[in-house]
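Below is final_6.pdb, holding PDB, C-alpha atoms and all ligand atoms.
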MODEL        1
ATOM      1  CA  MET A   1     106.204 120.276  79.118  1.00  0.00           C
ATOM      2  CA  VAL A   2     106.869 123.107  81.548  1.00  0.00           C
ATOM      3  CA  LEU A   3     103.861 121.985  83.559  1.00  0.00           C
ATOM      4  CA  ILE A   4     105.059 118.491  84.474  1.00  0.00           C
ATOM      5  CA  HIS A   5     108.497 119.871  85.253  1.00  0.00           C
ATOM      6  CA  ASP A   6     106.951 122.475  87.588  1.00  0.00           C
ATOM      7  CA  ASN A   7     104.608 119.935  89.179  1.00  0.00           C
ATOM      8  CA  LEU A   8     107.548 117.680  89.997  1.00  0.00           C
ATOM      9  CA  ILE A   9     109.428 120.527  91.631  1.00  0.00           C
ATOM     10  CA  LEU A  10     106.353 121.503  93.649  1.00  0.00           C
ATOM     11  CA  VAL A  11     105.634 117.950  94.831  1.00  0.00           C
ATOM     12  CA  LYS A  12     109.272 117.430  95.800  1.00  0.00           C
ATOM     13  CA  SER A  13     109.380 120.675  97.754  1.00  0.00           C
ATOM     14  CA  LYS A  14     106.157 119.794  99.592  1.00  0.00           C
ATOM     15  CA  ILE A  15     107.641 116.419 100.490  1.00  0.00           C
ATOM     16  CA  ALA A  16     110.745 118.169 101.802  1.00  0.00           C
ATOM     17  CA  GLU A  17     108.693 120.648 103.845  1.00  0.00           C
ATOM     18  CA  ALA A  18     106.534 117.884 105.321  1.00  0.00           C
ATOM     19  CA  ALA A  19     109.652 115.894 106.227  1.00  0.00           C
ATOM     20  CA  LEU A  20     111.194 118.935 107.865  1.00  0.00           C
ATOM     21  CA  ARG A  21     108.088 119.539 109.988  1.00  0.00           C
ATOM     22  CA  VAL A  22     108.583 116.166 111.665  1.00  0.00           C
ATOM     23  CA  HIS A  23     112.392 116.308 111.733  1.00  0.00           C
ATOM     24  CA  ARG A  24     112.899 113.781 108.960  1.00  0.00           C
ATOM     25  CA  GLN A  25     115.267 114.038 106.012  1.00  0.00           C
ATOM     26  CA  ALA A  26     113.715 114.719 102.600  1.00  0.00           C
ATOM     27  CA  GLU A  27     116.115 112.122 101.151  1.00  0.00           C
ATOM     28  CA  ASP A  28     114.441 109.439 103.246  1.00  0.00           C
ATOM     29  CA  VAL A  29     111.256 109.748 101.202  1.00  0.00           C
ATOM     30  CA  GLU A  30     111.175 108.420  97.651  1.00  0.00           C
ATOM     31  CA  LEU A  31     108.728 109.744  95.074  1.00  0.00           C
ATOM     32  CA  ILE A  32     107.065 107.390  92.618  1.00  0.00           C
ATOM     33  CA  ALA A  33     105.575 109.289  89.706  1.00  0.00           C
ATOM     34  CA  VAL A  34     102.429 107.286  88.971  1.00  0.00           C
ATOM     35  CA  SER A  35     102.073 107.384  85.218  1.00  0.00           C
ATOM     36  CA  LYS A  36      99.068 105.100  84.695  1.00  0.00           C
ATOM     37  CA  THR A  37      96.825 106.109  81.784  1.00  0.00           C
ATOM     38  CA  PHE A  38      99.482 108.511  80.440  1.00  0.00           C
ATOM     39  CA  PRO A  39     101.362 107.597  77.264  1.00  0.00           C
ATOM     40  CA  ALA A  40     105.133 107.280  77.000  1.00  0.00           C
ATOM     41  CA  SER A  41     105.293 110.687  75.289  1.00  0.00           C
ATOM     42  CA  VAL A  42     103.951 112.370  78.442  1.00  0.00           C
ATOM     43  CA  ILE A  43     106.153 110.320  80.770  1.00  0.00           C
ATOM     44  CA  ARG A  44     109.105 111.477  78.708  1.00  0.00           C
ATOM     45  CA  GLU A  45     108.466 115.026  79.942  1.00  0.00           C
ATOM     46  CA  ALA A  46     109.018 113.838  83.497  1.00  0.00           C
ATOM     47  CA  VAL A  47     112.092 111.920  82.357  1.00  0.00           C
ATOM     48  CA  ASP A  48     113.434 115.084  80.746  1.00  0.00           C
ATOM     49  CA  ALA A  49     112.833 116.851  84.053  1.00  0.00           C
ATOM     50  CA  GLY A  50     115.204 114.334  85.627  1.00  0.00           C
ATOM     51  CA  HIS A  51     112.765 111.938  87.284  1.00  0.00           C
ATOM     52  CA  CYS A  52     113.619 108.210  87.165  1.00  0.00           C
ATOM     53  CA  LEU A  53     111.119 106.316  89.336  1.00  0.00           C
ATOM     54  CA  TYR A  54     107.696 105.445  87.900  1.00  0.00           C
ATOM     55  CA  GLY A  55     104.701 103.442  89.035  1.00  0.00           C
ATOM     56  CA  GLU A  56     102.001 101.678  87.073  1.00  0.00           C
ATOM     57  CA  ASN A  57      99.042  99.664  88.328  1.00  0.00           C
ATOM     58  CA  ARG A  58      98.577  97.321  85.370  1.00  0.00           C
ATOM     59  CA  VAL A  59     101.083  94.814  84.056  1.00  0.00           C
ATOM     60  CA  GLN A  60     100.103  95.051  80.400  1.00  0.00           C
ATOM     61  CA  GLU A  61     100.191  98.841  80.407  1.00  0.00           C
ATOM     62  CA  LEU A  62     103.577  98.916  82.125  1.00  0.00           C
ATOM     63  CA  LEU A  63     105.106  96.448  79.663  1.00  0.00           C
ATOM     64  CA  GLY A  64     103.746  98.461  76.773  1.00  0.00           C
ATOM     65  CA  LYS A  65     105.384 101.700  77.903  1.00  0.00           C
ATOM     66  CA  ILE A  66     108.694 100.406  79.143  1.00  0.00           C
ATOM     67  CA  SER A  67     109.952  99.612  75.666  1.00  0.00           C
ATOM     68  CA  ASP A  68     109.251 103.166  74.476  1.00  0.00           C
ATOM     69  CA  LEU A  69     111.251 104.820  77.249  1.00  0.00           C
ATOM     70  CA  PRO A  70     114.907 104.955  78.331  1.00  0.00           C
ATOM     71  CA  SER A  71     116.142 101.720  79.855  1.00  0.00           C
ATOM     72  CA  ASN A  72     117.608 103.397  82.951  1.00  0.00           C
ATOM     73  CA  LEU A  73     114.169 104.178  84.434  1.00  0.00           C
ATOM     74  CA  ARG A  74     113.017 102.337  87.546  1.00  0.00           C
ATOM     75  CA  TRP A  75     109.514 100.835  87.546  1.00  0.00           C
ATOM     76  CA  HIS A  76     107.331  99.778  90.467  1.00  0.00           C
ATOM     77  CA  LEU A  77     104.099  97.822  90.162  1.00  0.00           C
ATOM     78  CA  ILE A  78     101.557  99.407  92.518  1.00  0.00           C
ATOM     79  CA  GLY A  79      98.302  97.674  91.465  1.00  0.00           C
ATOM     80  CA  HIS A  80      96.834  94.230  92.018  1.00  0.00           C
ATOM     81  CA  LEU A  81      98.888  91.463  90.433  1.00  0.00           C
ATOM     82  CA  GLN A  82      97.408  88.268  89.028  1.00  0.00           C
ATOM     83  CA  SER A  83      99.551  85.170  89.394  1.00  0.00           C
ATOM     84  CA  ASN A  84      99.574  84.482  85.654  1.00  0.00           C
ATOM     85  CA  LYS A  85     101.383  87.792  85.043  1.00  0.00           C
ATOM     86  CA  ILE A  86     104.179  87.361  87.585  1.00  0.00           C
ATOM     87  CA  ARG A  87     106.619  85.824  85.122  1.00  0.00           C
ATOM     88  CA  LYS A  88     106.291  88.760  82.744  1.00  0.00           C
ATOM     89  CA  ILE A  89     106.529  91.527  85.302  1.00  0.00           C
ATOM     90  CA  LEU A  90     109.267  90.283  87.629  1.00  0.00           C
ATOM     91  CA  PRO A  91     112.203  90.885  85.299  1.00  0.00           C
ATOM     92  CA  VAL A  92     111.262  94.520  84.631  1.00  0.00           C
ATOM     93  CA  VAL A  93     110.189  95.954  87.983  1.00  0.00           C
ATOM     94  CA  GLU A  94     112.306  96.931  90.941  1.00  0.00           C
ATOM     95  CA  ALA A  95     109.472  96.434  93.446  1.00  0.00           C
ATOM     96  CA  ILE A  96     105.894  95.215  93.799  1.00  0.00           C
ATOM     97  CA  HIS A  97     103.773  97.248  96.229  1.00  0.00           C
ATOM     98  CA  SER A  98     100.638  95.168  96.023  1.00  0.00           C
ATOM     99  CA  VAL A  99     101.377  91.740  97.490  1.00  0.00           C
ATOM    100  CA  ASP A 100      97.958  91.127  98.983  1.00  0.00           C
ATOM    101  CA  SER A 101      97.845  87.425  99.889  1.00  0.00           C
ATOM    102  CA  LEU A 102     100.054  84.562 101.003  1.00  0.00           C
ATOM    103  CA  ASP A 103      99.175  82.654  97.824  1.00  0.00           C
ATOM    104  CA  LEU A 104     100.406  85.506  95.635  1.00  0.00           C
ATOM    105  CA  ALA A 105     103.555  85.866  97.740  1.00  0.00           C
ATOM    106  CA  ARG A 106     104.254  82.138  97.337  1.00  0.00           C
ATOM    107  CA  ASP A 107     103.775  82.323  93.576  1.00  0.00           C
ATOM    108  CA  ILE A 108     106.111  85.313  93.305  1.00  0.00           C
ATOM    109  CA  ASN A 109     108.682  83.510  95.454  1.00  0.00           C
ATOM    110  CA  ARG A 110     108.558  80.360  93.308  1.00  0.00           C
ATOM    111  CA  ILE A 111     108.846  82.212  89.998  1.00  0.00           C
ATOM    112  CA  ALA A 112     111.556  84.522  91.348  1.00  0.00           C
ATOM    113  CA  ALA A 113     113.568  81.407  92.217  1.00  0.00           C
ATOM    114  CA  GLU A 114     113.116  80.067  88.692  1.00  0.00           C
ATOM    115  CA  LEU A 115     114.245  83.384  87.234  1.00  0.00           C
ATOM    116  CA  GLY A 116     117.097  83.875  89.691  1.00  0.00           C
ATOM    117  CA  LEU A 117     115.616  87.084  91.113  1.00  0.00           C
ATOM    118  CA  TYR A 118     115.130  88.604  94.574  1.00  0.00           C
ATOM    119  CA  PRO A 119     112.231  91.054  94.167  1.00  0.00           C
ATOM    120  CA  LYS A 120     111.515  93.815  96.664  1.00  0.00           C
ATOM    121  CA  VAL A 121     107.927  93.649  97.845  1.00  0.00           C
ATOM    122  CA  TYR A 122     105.518  95.526 100.074  1.00  0.00           C
ATOM    123  CA  LEU A 123     102.631  93.764 101.790  1.00  0.00           C
ATOM    124  CA  GLU A 124      99.391  95.580 101.081  1.00  0.00           C
ATOM    125  CA  VAL A 125      97.174  96.116 104.112  1.00  0.00           C
ATOM    126  CA  ASN A 126      93.462  96.801 103.817  1.00  0.00           C
ATOM    127  CA  VAL A 127      93.583  99.474 106.512  1.00  0.00           C
ATOM    128  CA  ALA A 128      89.871 100.303 106.567  1.00  0.00           C
ATOM    129  CA  ALA A 129      88.691  96.704 106.035  1.00  0.00           C
ATOM    130  CA  GLU A 130      86.887  97.744 102.846  1.00  0.00           C
ATOM    131  CA  VAL A 131      85.255  94.829 101.047  1.00  0.00           C
ATOM    132  CA  THR A 132      86.053  96.394  97.673  1.00  0.00           C
ATOM    133  CA  LYS A 133      89.790  96.648  98.354  1.00  0.00           C
ATOM    134  CA  HIS A 134      92.659  94.223  98.086  1.00  0.00           C
ATOM    135  CA  GLY A 135      95.087  93.656 100.908  1.00  0.00           C
ATOM    136  CA  PHE A 136      95.725  91.679 104.059  1.00  0.00           C
ATOM    137  CA  THR A 137      93.578  92.338 107.063  1.00  0.00           C
ATOM    138  CA  VAL A 138      95.717  92.689 110.159  1.00  0.00           C
ATOM    139  CA  ALA A 139      94.394  89.381 111.463  1.00  0.00           C
ATOM    140  CA  GLN A 140      95.382  87.663 108.206  1.00  0.00           C
ATOM    141  CA  LEU A 141      98.782  89.275 108.292  1.00  0.00           C
ATOM    142  CA  GLU A 142      99.369  88.037 111.817  1.00  0.00           C
ATOM    143  CA  ALA A 143      98.299  84.556 110.788  1.00  0.00           C
ATOM    144  CA  ASP A 144     100.496  84.535 107.664  1.00  0.00           C
ATOM    145  CA  LEU A 145     103.584  86.400 108.854  1.00  0.00           C
ATOM    146  CA  ASP A 146     105.698  83.353 109.697  1.00  0.00           C
ATOM    147  CA  ASP A 147     104.932  81.757 106.322  1.00  0.00           C
ATOM    148  CA  LEU A 148     105.683  85.017 104.508  1.00  0.00           C
ATOM    149  CA  LEU A 149     109.044  85.282 106.259  1.00  0.00           C
ATOM    150  CA  MET A 150     110.000  81.839 105.023  1.00  0.00           C
ATOM    151  CA  LEU A 151     109.781  82.915 101.382  1.00  0.00           C
ATOM    152  CA  GLU A 152     113.501  83.300 100.913  1.00  0.00           C
ATOM    153  CA  ARG A 153     113.374  85.093  97.558  1.00  0.00           C
ATOM    154  CA  LEU A 154     111.202  87.986  98.726  1.00  0.00           C
ATOM    155  CA  LYS A 155     112.856  91.083 100.103  1.00  0.00           C
ATOM    156  CA  ILE A 156     109.979  92.340 102.208  1.00  0.00           C
ATOM    157  CA  GLN A 157     110.467  96.099 102.451  1.00  0.00           C
ATOM    158  CA  GLY A 158     107.439  96.828 104.568  1.00  0.00           C
ATOM    159  CA  PHE A 159     103.796  97.690 104.091  1.00  0.00           C
ATOM    160  CA  MET A 160     101.545  99.571 101.705  1.00  0.00           C
ATOM    161  CA  CYS A 161      98.022 100.981 101.944  1.00  0.00           C
ATOM    162  CA  VAL A 162      95.411 102.857  99.944  1.00  0.00           C
ATOM    163  CA  PRO A 163      93.073 104.551 102.448  1.00  0.00           C
ATOM    164  CA  PRO A 164      89.407 105.242 101.630  1.00  0.00           C
ATOM    165  CA  ILE A 165      88.980 108.049  99.112  1.00  0.00           C
ATOM    166  CA  SER A 166      88.325 111.411 100.704  1.00  0.00           C
ATOM    167  CA  ALA A 167      88.489 115.041  99.696  1.00  0.00           C
ATOM    168  CA  GLU A 168      90.184 115.815 103.003  1.00  0.00           C
ATOM    169  CA  SER A 169      93.849 114.895 103.293  1.00  0.00           C
ATOM    170  CA  GLU A 170      93.559 114.837 107.083  1.00  0.00           C
ATOM    171  CA  SER A 171      91.084 111.965 106.997  1.00  0.00           C
ATOM    172  CA  SER A 172      93.898 109.687 105.782  1.00  0.00           C
ATOM    173  CA  ARG A 173      96.074 110.416 108.797  1.00  0.00           C
ATOM    174  CA  LYS A 174      94.580 107.782 111.083  1.00  0.00           C
ATOM    175  CA  TYR A 175      95.099 105.115 108.409  1.00  0.00           C
ATOM    176  CA  PHE A 176      98.731 106.115 107.944  1.00  0.00           C
ATOM    177  CA  VAL A 177      99.267 105.953 111.699  1.00  0.00           C
ATOM    178  CA  PHE A 178      97.552 102.569 111.668  1.00  0.00           C
ATOM    179  CA  LEU A 179      99.860 101.240 108.930  1.00  0.00           C
ATOM    180  CA  ARG A 180     102.930 102.512 110.785  1.00  0.00           C
ATOM    181  CA  ASP A 181     101.735 100.713 113.915  1.00  0.00           C
ATOM    182  CA  VAL A 182     101.211  97.541 111.873  1.00  0.00           C
ATOM    183  CA  ARG A 183     104.753  97.844 110.573  1.00  0.00           C
ATOM    184  CA  ASP A 184     106.204  98.342 114.030  1.00  0.00           C
ATOM    185  CA  LYS A 185     104.201  95.459 115.480  1.00  0.00           C
ATOM    186  CA  MET A 186     105.161  93.105 112.640  1.00  0.00           C
ATOM    187  CA  SER A 187     108.808  94.130 112.880  1.00  0.00           C
ATOM    188  CA  GLN A 188     108.777  93.234 116.535  1.00  0.00           C
ATOM    189  CA  ARG A 189     107.074  89.911 115.908  1.00  0.00           C
ATOM    190  CA  ALA A 190     109.371  89.028 113.036  1.00  0.00           C
ATOM    191  CA  GLY A 191     112.513  90.103 114.834  1.00  0.00           C
ATOM    192  CA  VAL A 192     113.557  91.992 111.709  1.00  0.00           C
ATOM    193  CA  PRO A 193     113.011  95.714 111.231  1.00  0.00           C
ATOM    194  CA  PHE A 194     110.713  96.385 108.279  1.00  0.00           C
ATOM    195  CA  THR A 195     111.466  99.960 107.323  1.00  0.00           C
ATOM    196  CA  GLY A 196     109.264 100.582 104.294  1.00  0.00           C
ATOM    197  CA  LEU A 197     105.969 102.429 104.374  1.00  0.00           C
ATOM    198  CA  SER A 198     104.418 102.912 100.930  1.00  0.00           C
ATOM    199  CA  MET A 199     101.647 105.414 101.551  1.00  0.00           C
ATOM    200  CA  GLY A 200     100.383 108.752 100.315  1.00  0.00           C
ATOM    201  CA  MET A 201      98.873 109.770  96.958  1.00  0.00           C
ATOM    202  CA  SER A 202      98.174 113.141  95.333  1.00  0.00           C
ATOM    203  CA  GLY A 203      95.531 114.082  97.882  1.00  0.00           C
ATOM    204  CA  ASP A 204      97.385 113.148 101.045  1.00  0.00           C
ATOM    205  CA  TYR A 205     101.108 112.588 100.455  1.00  0.00           C
ATOM    206  CA  THR A 206     102.222 115.406 102.773  1.00  0.00           C
ATOM    207  CA  VAL A 207     100.224 113.851 105.618  1.00  0.00           C
ATOM    208  CA  ALA A 208     101.760 110.479 104.759  1.00  0.00           C
ATOM    209  CA  VAL A 209     105.268 111.938 104.967  1.00  0.00           C
ATOM    210  CA  GLU A 210     104.450 113.463 108.358  1.00  0.00           C
ATOM    211  CA  GLU A 211     103.389 110.001 109.534  1.00  0.00           C
ATOM    212  CA  GLY A 212     106.486 108.221 108.304  1.00  0.00           C
ATOM    213  CA  ALA A 213     106.015 107.298 104.629  1.00  0.00           C
ATOM    214  CA  THR A 214     109.285 106.166 103.069  1.00  0.00           C
ATOM    215  CA  ILE A 215     107.849 106.102  99.555  1.00  0.00           C
ATOM    216  CA  VAL A 216     104.866 108.051  98.212  1.00  0.00           C
ATOM    217  CA  ARG A 217     102.900 107.269  95.027  1.00  0.00           C
ATOM    218  CA  VAL A 218     101.832 110.482  93.327  1.00  0.00           C
ATOM    219  CA  GLY A 219     100.030 110.575  89.979  1.00  0.00           C
ATOM    220  CA  SER A 220      97.619 113.381  89.170  1.00  0.00           C
ATOM    221  CA  ALA A 221      99.543 116.066  91.102  1.00  0.00           C
ATOM    222  CA  ILE A 222     102.388 115.464  88.629  1.00  0.00           C
ATOM    223  CA  PHE A 223     100.737 114.444  85.369  1.00  0.00           C
ATOM    224  CA  GLY A 224      97.332 116.110  85.758  1.00  0.00           C
ATOM    225  CA  GLY A 225      93.858 114.648  86.060  1.00  0.00           C
ATOM    226  CA  ARG A 226      92.988 111.328  84.492  1.00  0.00           C
TER     227      ARG A 226
HETATM  228  C1  LIG B 301      96.589 105.681  90.861  1.00  0.00           C
HETATM  229  C2  LIG B 301      97.285 105.264  92.091  1.00  0.00           C
HETATM  230  C3  LIG B 301      98.067 106.182  92.818  1.00  0.00           C
HETATM  231  C4  LIG B 301      98.210 107.652  92.447  1.00  0.00           C
HETATM  232  O1  LIG B 301      96.979 108.295  92.564  1.00  0.00           O
HETATM  233  P1  LIG B 301      96.886 109.918  92.452  1.00  0.00           P
HETATM  234  O2  LIG B 301      95.701 110.248  93.278  1.00  0.00           O
HETATM  235  O3  LIG B 301      96.698 110.223  91.018  1.00  0.00           O
HETATM  236  O4  LIG B 301      98.125 110.472  92.997  1.00  0.00           O
HETATM  237  C5  LIG B 301      98.723 105.714  93.940  1.00  0.00           C
HETATM  238  N1  LIG B 301      98.616 104.424  94.342  1.00  0.00           N
HETATM  239  C6  LIG B 301      97.890 103.517  93.672  1.00  0.00           C
HETATM  240  C7  LIG B 301      97.825 102.116  94.166  1.00  0.00           C
HETATM  241  C8  LIG B 301      97.195 103.912  92.521  1.00  0.00           C
HETATM  242  O5  LIG B 301      96.462 102.998  91.865  1.00  0.00           O
ENDMDL
END
Will you turn the file into C-alpha cells for me?
Ligand SMILES: *Cc1c(COP(=O)(O)O)cnc(C)c1O
Amino acid sequence: MVLIHDNLILVKSKIAEAALRVHRQAEDVELIAVSKTFPASVIREAVDAGHCLYGENRVQELLGKISDLPSNLRWHLIGHLQSNKIRKILPVVEAIHSVDSLDLARDINRIAAELGLYPKVYLEVNVAAEVTKHGFTVAQLEADLDDLLMLERLKIQGFMCVPPISAESESSRKYFVFLRDVRDKMSQRAGVPFTGLSMGMSGDYTVAVEEGATIVRVGSAIFGGR
C-alpha cells in the first residue's frame, strides 16, 4: 500500500525534475499509470493515493477492471486495438494511443459517429521500423495524413511510440527526438498544430519528458514488476 503511494510520488517528482531541466512545466506532462496485469485491488492503492489516470493494453482486461473501480477514473487504451472491439471500448476510454493504420482509424471514426462520440486518439509510429511492432511508418503516415484528417470524429492529439527495448534509457532519446520531428513535420503539413507526444515508459520516461513528451505511460515503476 505504502509502496505504490511512494512510487507515484517518486515518479511524479522525477517527471517534474526532468521538465524543469528543459524549462518545461511539470503540469504539461500527464502521467498514465499503466495497470495491465494488476488486479483492481492493486489499482485501488493508486486510486487511494489520489491518482486518476490509468492505461491498459487489452480491451477485455480493461473492461473487466473498470466495473470494479470508482467511476470517476480516466482510462486510456495504449495497446493494439482490433476493429471488432472498437464498439465496446469507445464508450469507456478517454483516449486511444494505438491507432496504427488508416483502416483502424476509419473504423473508429465510423463507430464513433454511430455512438455520438468524438474520441481522442494518438497515431502510433513505428519509430525503429521494427517488423514485430505495430504503427505507421513515416512514409505511410505521409501517404495517409490527408485521409486521416478527413475523419471528422477523431480528435487527433498527436503521436505515440514504443522504442526498441533497451536497458539504457539514453538509447531511447533518438527515437523520442524522431517522434517529435514527425509531429512537427505533420503539424506543418496538416496546417494544424498537433501537440500530443505519448512517449516514455518506466525505463525512459525522464528522457521522454526532456524531449517533449506530453503524456508518459509508466507501469512497473509504479506497480512493480510484472
Ligand atoms: C506496458 C506498457 C507500458 C508501460 O511499461 P512499463 O515498462 O511497465 O512502464 C507503456 N506503454 C505500452 C504501450 C505498454 O504496453
Exercise. Determine, counting only C-alpha atoms, which protein, DNA and RNA residues have an atom within 6 Å of an atom of Gln157 of chain A; residues of the same chain fewer than 3 positions away are not included. Present the result as an NGL selection string.
Key: :A and (121-122 or 194 or 196)
Selection above as a file: C-alpha atoms, as a CSV table (one decimal), in the frame of the given file:
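Full text of selection_5.csv as output:
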chain,number,residue,atom,x,y,z
A,121,VAL,CA,107.9,93.6,97.8
A,122,TYR,CA,105.5,95.5,100.1
A,194,PHE,CA,110.7,96.4,108.3
A,196,GLY,CA,109.3,100.6,104.3
Could you state which residues are captured by the PyMOL selection byres (((not hetatm)) within 9 of (chain B and resi 301)) in this file, as a PDB file with C-alpha atoms, keeping the file's coordinate frame?
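result_11.pdb was written with the following content:
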ATOM      1  CA  ILE A  32     107.065 107.390  92.618  1.00  0.00           C
ATOM      2  CA  ALA A  33     105.575 109.289  89.706  1.00  0.00           C
ATOM      3  CA  VAL A  34     102.429 107.286  88.971  1.00  0.00           C
ATOM      4  CA  SER A  35     102.073 107.384  85.218  1.00  0.00           C
ATOM      5  CA  LYS A  36      99.068 105.100  84.695  1.00  0.00           C
ATOM      6  CA  GLY A  55     104.701 103.442  89.035  1.00  0.00           C
ATOM      7  CA  GLU A  56     102.001 101.678  87.073  1.00  0.00           C
ATOM      8  CA  ASN A  57      99.042  99.664  88.328  1.00  0.00           C
ATOM      9  CA  ARG A  58      98.577  97.321  85.370  1.00  0.00           C
ATOM     10  CA  LEU A  77     104.099  97.822  90.162  1.00  0.00           C
ATOM     11  CA  ILE A  78     101.557  99.407  92.518  1.00  0.00           C
ATOM     12  CA  GLY A  79      98.302  97.674  91.465  1.00  0.00           C
ATOM     13  CA  HIS A  80      96.834  94.230  92.018  1.00  0.00           C
ATOM     14  CA  HIS A  97     103.773  97.248  96.229  1.00  0.00           C
ATOM     15  CA  SER A  98     100.638  95.168  96.023  1.00  0.00           C
ATOM     16  CA  MET A 160     101.545  99.571 101.705  1.00  0.00           C
ATOM     17  CA  CYS A 161      98.022 100.981 101.944  1.00  0.00           C
ATOM     18  CA  VAL A 162      95.411 102.857  99.944  1.00  0.00           C
ATOM     19  CA  SER A 198     104.418 102.912 100.930  1.00  0.00           C
ATOM     20  CA  MET A 199     101.647 105.414 101.551  1.00  0.00           C
ATOM     21  CA  GLY A 200     100.383 108.752 100.315  1.00  0.00           C
ATOM     22  CA  MET A 201      98.873 109.770  96.958  1.00  0.00           C
ATOM     23  CA  SER A 202      98.174 113.141  95.333  1.00  0.00           C
ATOM     24  CA  GLY A 203      95.531 114.082  97.882  1.00  0.00           C
ATOM     25  CA  ASP A 204      97.385 113.148 101.045  1.00  0.00           C
ATOM     26  CA  TYR A 205     101.108 112.588 100.455  1.00  0.00           C
ATOM     27  CA  VAL A 216     104.866 108.051  98.212  1.00  0.00           C
ATOM     28  CA  ARG A 217     102.900 107.269  95.027  1.00  0.00           C
ATOM     29  CA  VAL A 218     101.832 110.482  93.327  1.00  0.00           C
ATOM     30  CA  GLY A 219     100.030 110.575  89.979  1.00  0.00           C
ATOM     31  CA  SER A 220      97.619 113.381  89.170  1.00  0.00           C
ATOM     32  CA  ALA A 221      99.543 116.066  91.102  1.00  0.00           C
ATOM     33  CA  ILE A 222     102.388 115.464  88.629  1.00  0.00           C
ATOM     34  CA  PHE A 223     100.737 114.444  85.369  1.00  0.00           C
ATOM     35  CA  GLY A 224      97.332 116.110  85.758  1.00  0.00           C
ATOM     36  CA  GLY A 225      93.858 114.648  86.060  1.00  0.00           C
ATOM     37  CA  ARG A 226      92.988 111.328  84.492  1.00  0.00           C
TER      38      ARG A 226
END
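Compared by their closest atoms to Glu45 of chain A, and using all atoms listed in the file, the residues A:Asn7, A:Ser71, A:Gln82, A:Ser101 rank with A:Asn7 nearest.
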So that each row is one residue of segment 170-221 of chain A with an atom at most 9 Å from segment 144-154 of chain A, can you give its shortest atom pair and the distance in Å to one decimal, using all atoms listed in the file, rows by chain and rising number, as JSON lines?
{"residue": "A:Met186", "atom": "CA", "partner": "A:Leu145", "partner_atom": "CA", "distance": 7.9}
{"residue": "A:Arg189", "atom": "CA", "partner": "A:Leu145", "partner_atom": "CA", "distance": 8.6}
{"residue": "A:Ala190", "atom": "CA", "partner": "A:Asp146", "partner_atom": "CA", "distance": 7.5}
Self-check item: Resolved residues for the PyMOL selection byres (((chain A and resi 40) around 9) and not hetatm) as a count of residues only
Solution: 13
Quiz prompt | Selection dump of the PyMOL selection byres (((chain A and resi 113) around 12) and not hetatm), as a list of chain:residue names | solution =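 Applied to this file, the PyMOL selection byres (((chain A and resi 113) around 12) and not hetatm) selects A:Arg87, A:Leu90, A:Pro91, A:Arg106, A:Asp107, A:Ile108, A:Asn109, A:Arg110, A:Ile111, A:Ala112, A:Glu114, A:Leu115, A:Gly116, A:Leu117, A:Tyr118, A:Pro119, A:Leu151, A:Glu152, A:Arg153, A:Leu154.
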Practice problem: Counting only C-alpha atoms, figure out which residue out of A:Ser171, A:Ser13, A:Leu179, A:Ile215 gets nearest to Ala95 of chain A. | Solution: A:Ile215
